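Pasting start_2.cif here (mmCIF, N, CA and C atoms):
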data_upload
#
loop_
_atom_site.group_PDB
_atom_site.id
_atom_site.type_symbol
_atom_site.label_atom_id
_atom_site.label_comp_id
_atom_site.auth_asym_id
_atom_site.auth_seq_id
_atom_site.Cartn_x
_atom_site.Cartn_y
_atom_site.Cartn_z
ATOM 1 N N MET A 191 -3.845 -18.016 9.770
ATOM 2 C CA MET A 191 -3.479 -16.798 10.461
ATOM 3 C C MET A 191 -2.025 -16.833 10.901
ATOM 4 N N GLU A 192 -1.556 -17.997 11.287
ATOM 5 C CA GLU A 192 -0.175 -18.115 11.731
ATOM 6 C C GLU A 192 0.801 -17.697 10.646
ATOM 7 N N ALA A 193 0.489 -18.016 9.399
ATOM 8 C CA ALA A 193 1.369 -17.644 8.291
ATOM 9 C C ALA A 193 1.489 -16.127 8.177
ATOM 10 N N VAL A 194 0.391 -15.418 8.401
ATOM 11 C CA VAL A 194 0.417 -13.949 8.349
ATOM 12 C C VAL A 194 1.285 -13.402 9.471
ATOM 13 N N LEU A 195 1.118 -13.927 10.660
ATOM 14 C CA LEU A 195 1.864 -13.430 11.818
ATOM 15 C C LEU A 195 3.361 -13.711 11.716
ATOM 16 N N ARG A 196 3.756 -14.690 10.910
ATOM 17 C CA ARG A 196 5.182 -15.000 10.742
ATOM 18 C C ARG A 196 5.883 -14.041 9.794
ATOM 19 N N ARG A 197 5.139 -13.287 9.038
ATOM 20 C CA ARG A 197 5.757 -12.329 8.099
ATOM 21 C C ARG A 197 6.443 -11.215 8.871
ATOM 22 N N GLU A 198 7.431 -10.591 8.232
ATOM 23 C CA GLU A 198 8.205 -9.550 8.911
ATOM 24 C C GLU A 198 7.366 -8.326 9.253
ATOM 25 N N HIS A 199 6.624 -7.804 8.309
ATOM 26 C CA HIS A 199 5.757 -6.637 8.530
ATOM 27 C C HIS A 199 4.393 -6.924 7.902
ATOM 28 N N PRO A 200 3.597 -7.772 8.528
ATOM 29 C CA PRO A 200 2.335 -8.181 7.905
ATOM 30 C C PRO A 200 1.322 -7.047 7.809
ATOM 31 N N VAL A 201 0.554 -7.086 6.718
ATOM 32 C CA VAL A 201 -0.487 -6.097 6.448
ATOM 33 C C VAL A 201 -1.738 -6.859 6.028
ATOM 34 N N ILE A 202 -2.875 -6.512 6.634
ATOM 35 C CA ILE A 202 -4.130 -7.142 6.243
ATOM 36 C C ILE A 202 -5.161 -6.079 5.893
ATOM 37 N N LEU A 203 -6.184 -6.513 5.174
ATOM 38 C CA LEU A 203 -7.292 -5.649 4.789
ATOM 39 C C LEU A 203 -8.567 -6.193 5.408
ATOM 40 N N ASP A 204 -9.299 -5.329 6.097
ATOM 41 C CA ASP A 204 -10.609 -5.667 6.657
ATOM 42 C C ASP A 204 -11.639 -4.940 5.806
ATOM 43 N N ILE A 205 -12.497 -5.686 5.083
ATOM 44 C CA ILE A 205 -13.467 -5.038 4.197
ATOM 45 C C ILE A 205 -14.846 -4.915 4.837
ATOM 46 N N GLY A 206 -14.911 -5.136 6.118
ATOM 47 C CA GLY A 206 -16.193 -5.029 6.814
ATOM 48 C C GLY A 206 -16.235 -3.804 7.691
ATOM 49 N N THR A 207 -17.200 -3.801 8.562
ATOM 50 C CA THR A 207 -17.333 -2.728 9.528
ATOM 51 C C THR A 207 -16.212 -2.843 10.552
ATOM 52 N N LEU A 208 -15.616 -1.744 10.868
ATOM 53 C CA LEU A 208 -14.501 -1.727 11.814
ATOM 54 C C LEU A 208 -14.945 -2.272 13.165
ATOM 55 N N THR A 209 -14.202 -3.239 13.672
ATOM 56 C CA THR A 209 -14.469 -3.826 14.975
ATOM 57 C C THR A 209 -13.228 -3.638 15.832
ATOM 58 N N GLY A 210 -13.404 -2.954 16.960
ATOM 59 C CA GLY A 210 -12.279 -2.645 17.828
ATOM 60 C C GLY A 210 -11.495 -3.856 18.264
ATOM 61 N N SER A 211 -12.184 -4.940 18.574
ATOM 62 C CA SER A 211 -11.470 -6.134 19.032
ATOM 63 C C SER A 211 -10.600 -6.724 17.934
ATOM 64 N N ASN A 212 -11.056 -6.669 16.666
ATOM 65 C CA ASN A 212 -10.220 -7.133 15.548
ATOM 66 C C ASN A 212 -8.954 -6.296 15.440
ATOM 67 N N VAL A 213 -9.156 -4.980 15.412
ATOM 68 C CA VAL A 213 -8.021 -4.080 15.254
ATOM 69 C C VAL A 213 -7.052 -4.238 16.426
ATOM 70 N N GLU A 214 -7.570 -4.332 17.620
ATOM 71 C CA GLU A 214 -6.719 -4.482 18.804
ATOM 72 C C GLU A 214 -5.902 -5.774 18.733
ATOM 73 N N TYR A 215 -6.542 -6.861 18.352
ATOM 74 C CA TYR A 215 -5.839 -8.145 18.246
ATOM 75 C C TYR A 215 -4.672 -8.041 17.263
ATOM 76 N N PHE A 216 -4.944 -7.524 16.082
ATOM 77 C CA PHE A 216 -3.901 -7.442 15.061
ATOM 78 C C PHE A 216 -2.829 -6.418 15.441
ATOM 79 N N PHE A 217 -3.242 -5.290 15.973
ATOM 80 C CA PHE A 217 -2.287 -4.265 16.411
ATOM 81 C C PHE A 217 -1.329 -4.843 17.449
ATOM 82 N N ASN A 218 -1.881 -5.559 18.428
ATOM 83 C CA ASN A 218 -1.050 -6.170 19.471
ATOM 84 C C ASN A 218 -0.147 -7.273 18.927
ATOM 85 N N SER A 219 -0.488 -7.806 17.758
ATOM 86 C CA SER A 219 0.321 -8.842 17.121
ATOM 87 C C SER A 219 1.313 -8.258 16.129
ATOM 88 N N GLY A 220 1.348 -6.921 16.003
ATOM 89 C CA GLY A 220 2.286 -6.272 15.090
ATOM 90 C C GLY A 220 1.833 -6.240 13.643
ATOM 91 N N VAL A 221 0.532 -6.395 13.425
ATOM 92 C CA VAL A 221 -0.019 -6.418 12.074
ATOM 93 C C VAL A 221 -0.642 -5.063 11.758
ATOM 94 N N LYS A 222 -0.306 -4.517 10.602
ATOM 95 C CA LYS A 222 -0.914 -3.274 10.139
ATOM 96 C C LYS A 222 -2.254 -3.617 9.491
ATOM 97 N N VAL A 223 -3.306 -2.882 9.860
ATOM 98 C CA VAL A 223 -4.648 -3.164 9.357
ATOM 99 C C VAL A 223 -5.167 -1.979 8.549
ATOM 100 N N HIS A 224 -5.609 -2.251 7.326
ATOM 101 C CA HIS A 224 -6.324 -1.270 6.512
ATOM 102 C C HIS A 224 -7.792 -1.661 6.565
ATOM 103 N N VAL A 225 -8.667 -0.677 6.668
ATOM 104 C CA VAL A 225 -10.097 -0.951 6.734
ATOM 105 C C VAL A 225 -10.793 -0.232 5.589
ATOM 106 N N GLU A 226 -11.604 -0.971 4.855
ATOM 107 C CA GLU A 226 -12.435 -0.411 3.785
ATOM 108 C C GLU A 226 -13.878 -0.775 4.093
ATOM 109 N N ASP A 227 -14.761 0.205 4.069
ATOM 110 C CA ASP A 227 -16.187 -0.064 4.280
ATOM 111 C C ASP A 227 -16.787 -0.501 2.945
ATOM 112 N N PHE A 228 -16.502 -1.730 2.588
ATOM 113 C CA PHE A 228 -16.907 -2.312 1.318
ATOM 114 C C PHE A 228 -18.420 -2.239 1.127
ATOM 115 N N LEU A 229 -19.166 -2.635 2.147
ATOM 116 C CA LEU A 229 -20.626 -2.650 2.049
ATOM 117 C C LEU A 229 -21.199 -1.239 1.992
ATOM 118 N N GLY A 230 -20.638 -0.331 2.767
ATOM 119 C CA GLY A 230 -21.093 1.055 2.737
ATOM 120 C C GLY A 230 -20.913 1.674 1.364
ATOM 121 N N ALA A 231 -19.768 1.418 0.750
ATOM 122 C CA ALA A 231 -19.514 1.939 -0.595
ATOM 123 C C ALA A 231 -20.454 1.291 -1.605
ATOM 124 N N TYR A 232 -20.667 -0.009 -1.456
ATOM 125 C CA TYR A 232 -21.547 -0.752 -2.357
ATOM 126 C C TYR A 232 -22.969 -0.203 -2.316
ATOM 127 N N ARG A 233 -23.440 0.105 -1.119
ATOM 128 C CA ARG A 233 -24.819 0.581 -0.948
ATOM 129 C C ARG A 233 -24.983 2.083 -1.150
ATOM 130 N N SER A 234 -23.907 2.807 -1.345
ATOM 131 C CA SER A 234 -23.974 4.270 -1.385
ATOM 132 C C SER A 234 -24.780 4.831 -2.550
ATOM 133 N N GLY A 235 -24.936 4.074 -3.592
ATOM 134 C CA GLY A 235 -25.645 4.568 -4.769
ATOM 135 C C GLY A 235 -24.714 5.177 -5.797
ATOM 136 N N LYS A 236 -23.503 5.491 -5.406
ATOM 137 C CA LYS A 236 -22.531 6.126 -6.304
ATOM 138 C C LYS A 236 -22.227 5.274 -7.537
ATOM 139 N N TYR A 237 -22.256 3.969 -7.385
ATOM 140 C CA TYR A 237 -21.848 3.076 -8.463
ATOM 141 C C TYR A 237 -23.030 2.421 -9.171
ATOM 142 N N TRP A 238 -24.218 2.880 -8.823
ATOM 143 C CA TRP A 238 -25.433 2.331 -9.409
ATOM 144 C C TRP A 238 -26.041 3.314 -10.396
ATOM 145 N N SER A 239 -26.591 2.802 -11.475
ATOM 146 C CA SER A 239 -27.313 3.637 -12.436
ATOM 147 C C SER A 239 -28.479 2.828 -12.988
ATOM 148 N N LEU A 240 -29.407 3.526 -13.574
ATOM 149 C CA LEU A 240 -30.569 2.885 -14.167
ATOM 150 C C LEU A 240 -30.380 2.904 -15.679
ATOM 151 N N VAL A 241 -30.272 1.731 -16.282
ATOM 152 C CA VAL A 241 -30.069 1.609 -17.726
ATOM 153 C C VAL A 241 -31.202 0.764 -18.296
ATOM 154 N N GLU A 242 -31.973 1.377 -19.163
ATOM 155 C CA GLU A 242 -33.106 0.691 -19.785
ATOM 156 C C GLU A 242 -33.997 0.022 -18.752
ATOM 157 N N GLY A 243 -34.232 0.735 -17.645
ATOM 158 C CA GLY A 243 -35.131 0.254 -16.614
ATOM 159 C C GLY A 243 -34.534 -0.770 -15.656
ATOM 160 N N GLN A 244 -33.254 -1.055 -15.797
ATOM 161 C CA GLN A 244 -32.615 -2.032 -14.918
ATOM 162 C C GLN A 244 -31.453 -1.389 -14.166
ATOM 163 N N SER A 245 -31.313 -1.771 -12.907
ATOM 164 C CA SER A 245 -30.195 -1.275 -12.102
ATOM 165 C C SER A 245 -28.896 -1.907 -12.583
ATOM 166 N N ARG A 246 -27.885 -1.075 -12.751
ATOM 167 C CA ARG A 246 -26.567 -1.554 -13.176
ATOM 168 C C ARG A 246 -25.534 -1.081 -12.169
ATOM 169 N N PHE A 247 -24.615 -1.957 -11.853
ATOM 170 C CA PHE A 247 -23.548 -1.652 -10.907
ATOM 171 C C PHE A 247 -22.237 -1.543 -11.670
ATOM 172 N N ASP A 248 -21.517 -0.429 -11.486
ATOM 173 C CA ASP A 248 -20.240 -0.206 -12.164
ATOM 174 C C ASP A 248 -19.111 -0.844 -11.348
ATOM 175 N N GLU A 249 -18.885 -2.119 -11.594
ATOM 176 C CA GLU A 249 -17.878 -2.878 -10.842
ATOM 177 C C GLU A 249 -16.478 -2.303 -11.007
ATOM 178 N N SER A 250 -16.139 -1.900 -12.206
ATOM 179 C CA SER A 250 -14.791 -1.377 -12.458
ATOM 180 C C SER A 250 -14.508 -0.145 -11.620
ATOM 181 N N ALA A 251 -15.419 0.804 -11.624
ATOM 182 C CA ALA A 251 -15.230 2.026 -10.830
ATOM 183 C C ALA A 251 -15.211 1.700 -9.344
ATOM 184 N N PHE A 252 -16.092 0.811 -8.915
ATOM 185 C CA PHE A 252 -16.152 0.424 -7.506
ATOM 186 C C PHE A 252 -14.819 -0.161 -7.042
ATOM 187 N N LEU A 253 -14.302 -1.127 -7.767
ATOM 188 C CA LEU A 253 -13.039 -1.761 -7.379
ATOM 189 C C LEU A 253 -11.870 -0.791 -7.471
ATOM 190 N N ARG A 254 -11.844 0.017 -8.521
ATOM 191 C CA ARG A 254 -10.765 0.980 -8.725
ATOM 192 C C ARG A 254 -10.731 2.008 -7.596
ATOM 193 N N GLU A 255 -11.895 2.465 -7.148
ATOM 194 C CA GLU A 255 -11.950 3.514 -6.140
ATOM 195 C C GLU A 255 -11.911 2.998 -4.701
ATOM 196 N N ASN A 256 -12.293 1.753 -4.480
ATOM 197 C CA ASN A 256 -12.377 1.245 -3.117
ATOM 198 C C ASN A 256 -11.321 0.217 -2.761
ATOM 199 N N LEU A 257 -10.749 -0.435 -3.723
ATOM 200 C CA LEU A 257 -9.741 -1.453 -3.447
ATOM 201 C C LEU A 257 -8.507 -1.207 -4.313
ATOM 202 N N ASN A 258 -8.049 0.012 -4.314
ATOM 203 C CA ASN A 258 -6.925 0.409 -5.163
ATOM 204 C C ASN A 258 -5.609 0.287 -4.389
ATOM 205 N N TYR A 259 -5.096 -0.918 -4.347
ATOM 206 C CA TYR A 259 -3.842 -1.194 -3.655
ATOM 207 C C TYR A 259 -2.916 -1.921 -4.608
ATOM 208 N N PRO A 260 -1.615 -1.802 -4.391
ATOM 209 C CA PRO A 260 -0.671 -2.537 -5.251
ATOM 210 C C PRO A 260 -0.877 -4.048 -5.132
ATOM 211 N N GLU A 261 -0.571 -4.739 -6.199
ATOM 212 C CA GLU A 261 -0.657 -6.196 -6.197
ATOM 213 C C GLU A 261 0.259 -6.763 -5.110
ATOM 214 N N ASP A 262 -0.198 -7.780 -4.432
ATOM 215 C CA ASP A 262 0.563 -8.452 -3.371
ATOM 216 C C ASP A 262 0.848 -7.560 -2.170
ATOM 217 N N TYR A 263 0.072 -6.513 -1.971
ATOM 218 C CA TYR A 263 0.281 -5.597 -0.842
ATOM 219 C C TYR A 263 -0.147 -6.228 0.479
ATOM 220 N N PHE A 264 -1.223 -7.013 0.441
ATOM 221 C CA PHE A 264 -1.780 -7.581 1.665
ATOM 222 C C PHE A 264 -1.341 -9.020 1.875
ATOM 223 N N ASP A 265 -1.200 -9.353 3.148
ATOM 224 C CA ASP A 265 -0.872 -10.717 3.527
ATOM 225 C C ASP A 265 -2.115 -11.486 3.955
ATOM 226 N N GLY A 266 -3.213 -10.781 4.181
ATOM 227 C CA GLY A 266 -4.446 -11.430 4.603
ATOM 228 C C GLY A 266 -5.640 -10.532 4.400
ATOM 229 N N LEU A 267 -6.825 -11.120 4.508
ATOM 230 C CA LEU A 267 -8.077 -10.412 4.292
ATOM 231 C C LEU A 267 -9.087 -10.871 5.340
ATOM 232 N N ILE A 268 -9.753 -9.909 5.967
ATOM 233 C CA ILE A 268 -10.843 -10.218 6.881
ATOM 234 C C ILE A 268 -12.133 -9.922 6.135
ATOM 235 N N VAL A 269 -12.970 -10.943 5.993
ATOM 236 C CA VAL A 269 -14.193 -10.802 5.216
ATOM 237 C C VAL A 269 -15.438 -11.008 6.069
ATOM 238 N N TRP A 270 -15.432 -11.948 6.990
ATOM 239 C CA TRP A 270 -16.595 -12.352 7.766
ATOM 240 C C TRP A 270 -17.746 -12.668 6.822
ATOM 241 N N ASP A 271 -18.937 -12.134 7.065
ATOM 242 C CA ASP A 271 -20.091 -12.485 6.232
ATOM 243 C C ASP A 271 -20.526 -11.360 5.303
ATOM 244 N N ILE A 272 -19.687 -10.371 5.116
ATOM 245 C CA ILE A 272 -20.064 -9.176 4.348
ATOM 246 C C ILE A 272 -20.462 -9.498 2.905
ATOM 247 N N LEU A 273 -19.878 -10.534 2.324
ATOM 248 C CA LEU A 273 -20.165 -10.853 0.932
ATOM 249 C C LEU A 273 -21.575 -11.435 0.744
ATOM 250 N N ASN A 274 -22.229 -11.803 1.849
ATOM 251 C CA ASN A 274 -23.616 -12.267 1.764
ATOM 252 C C ASN A 274 -24.569 -11.128 1.416
ATOM 253 N N PHE A 275 -24.119 -9.898 1.524
ATOM 254 C CA PHE A 275 -24.985 -8.727 1.362
ATOM 255 C C PHE A 275 -24.751 -7.979 0.057
ATOM 256 N N VAL A 276 -23.948 -8.552 -0.819
ATOM 257 C CA VAL A 276 -23.708 -7.937 -2.131
ATOM 258 C C VAL A 276 -24.076 -8.937 -3.215
ATOM 259 N N ASP A 277 -24.273 -8.431 -4.404
ATOM 260 C CA ASP A 277 -24.577 -9.277 -5.546
ATOM 261 C C ASP A 277 -23.462 -10.313 -5.719
ATOM 262 N N PRO A 278 -23.796 -11.568 -5.996
ATOM 263 C CA PRO A 278 -22.770 -12.601 -6.139
ATOM 264 C C PRO A 278 -21.670 -12.251 -7.147
ATOM 265 N N LYS A 279 -22.032 -11.549 -8.206
ATOM 266 C CA LYS A 279 -21.035 -11.156 -9.206
ATOM 267 C C LYS A 279 -19.990 -10.217 -8.588
ATOM 268 N N VAL A 280 -20.415 -9.334 -7.710
ATOM 269 C CA VAL A 280 -19.498 -8.401 -7.044
ATOM 270 C C VAL A 280 -18.660 -9.156 -6.012
ATOM 271 N N ALA A 281 -19.308 -10.080 -5.293
ATOM 272 C CA ALA A 281 -18.600 -10.857 -4.285
ATOM 273 C C ALA A 281 -17.481 -11.658 -4.928
#

As structure tokens, the full file:
Amino acid sequence: MEAVLRREHPVILDIGTLTGSNVEYFFNSGVKVHVEDFLGAYRSGKYWSLVEGQSRFDESAFLRENLNYPEDYFDGLIVWDILNFVDPKVA
């Protein structure tokens, strides 16, 4: 975390549920925070289809629509335990 705070204009991505204490901590430290409801989008059904009786997840569309940021845009990522709730391939 110290490495992120040493950057001139640090930017992080929080892919979990927005938590006020997280945002407040980073805001007070001069860090810009982007929040994506990764799990909400994953569970929305928008990226799921039934193909030959099996559920299929469109990873390309999901990533393109939910994590569409320039390369090297973020200095850090807040994940917590959110990846425990998605398919390992997506995680």

Discussion item. Residue by residue, what does the PyMOL selection byres (((chain A and resi 217-230 and name CA) around 8) and name CA) grab here? Present the result as a ChimeraX atom specification.
Written reply: /A:195,199-208,213-216,231-234,256-257,272,275-276

Discussion item. If DSSP is run on the backbone, what residues of segment 205-240 of chain A are strand (DSSP E)? A reply as a ChimeraX atom specification would be ideal.
Written reply: /A:222-225,238-240

Keeping N, CA and C atoms for every residue in the selection just given, could you write it to a file as an mmCIF file, keeping the file's coordinate frame?
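The result, written out as part35.cif:
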data_model
loop_
_atom_site.group_PDB
_atom_site.id
_atom_site.type_symbol
_atom_site.label_atom_id
_atom_site.label_comp_id
_atom_site.auth_asym_id
_atom_site.auth_seq_id
_atom_site.Cartn_x
_atom_site.Cartn_y
_atom_site.Cartn_z
ATOM 1 N N LYS A 222 -0.306 -4.517 10.602
ATOM 2 C CA LYS A 222 -0.914 -3.274 10.139
ATOM 3 C C LYS A 222 -2.254 -3.617 9.491
ATOM 4 N N VAL A 223 -3.306 -2.882 9.860
ATOM 5 C CA VAL A 223 -4.648 -3.164 9.357
ATOM 6 C C VAL A 223 -5.167 -1.979 8.549
ATOM 7 N N HIS A 224 -5.609 -2.251 7.326
ATOM 8 C CA HIS A 224 -6.324 -1.270 6.512
ATOM 9 C C HIS A 224 -7.792 -1.661 6.565
ATOM 10 N N VAL A 225 -8.667 -0.677 6.668
ATOM 11 C CA VAL A 225 -10.097 -0.951 6.734
ATOM 12 C C VAL A 225 -10.793 -0.232 5.589
ATOM 13 N N TRP A 238 -24.218 2.880 -8.823
ATOM 14 C CA TRP A 238 -25.433 2.331 -9.409
ATOM 15 C C TRP A 238 -26.041 3.314 -10.396
ATOM 16 N N SER A 239 -26.591 2.802 -11.475
ATOM 17 C CA SER A 239 -27.313 3.637 -12.436
ATOM 18 C C SER A 239 -28.479 2.828 -12.988
ATOM 19 N N LEU A 240 -29.407 3.526 -13.574
ATOM 20 C CA LEU A 240 -30.569 2.885 -14.167
ATOM 21 C C LEU A 240 -30.380 2.904 -15.679
#

Item to complete: Write down as a PyMOL selection string the residues of chain A whose backbone DSSP state falls under helix (DSSP H, G or I).
Response: chain A and resi 192-195+210-218+228-233+249-256+272-275

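Computed from the coordinates, the atom C of Gly235 of chain A to atom N of Glu249 of chain A distance equals 11.0 Å.
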
Please report, as lines of an AutoDock Vina configuration file, the centre and edge lengths in Å to one decimal of an axis-aligned box covering all listed atoms of segment 209-225 of chain A with 5 Å per side.
center_x = -6.1
center_y = -4.5
center_z = 12.5
size_x = 26.8
size_y = 18.6
size_z = 23.9

Worksheet item: Evaluating the PyMOL selection byres ((chain A and resi 237) around 6.5) on the displayed file yields which residues, as a count of residues only?
Response: 9

Worksheet item: So how many Å separate atom CA of Ser245 of chain A and atom C of Ala281 of chain A, to one decimal?
Response: 17.9 Å

Discussion item. I'd like the interatomic distance between atom C of Leu253 of chain A and atom C of Val241 of chain A, to a tenth of an Å.
Written reply: 22.2 Å
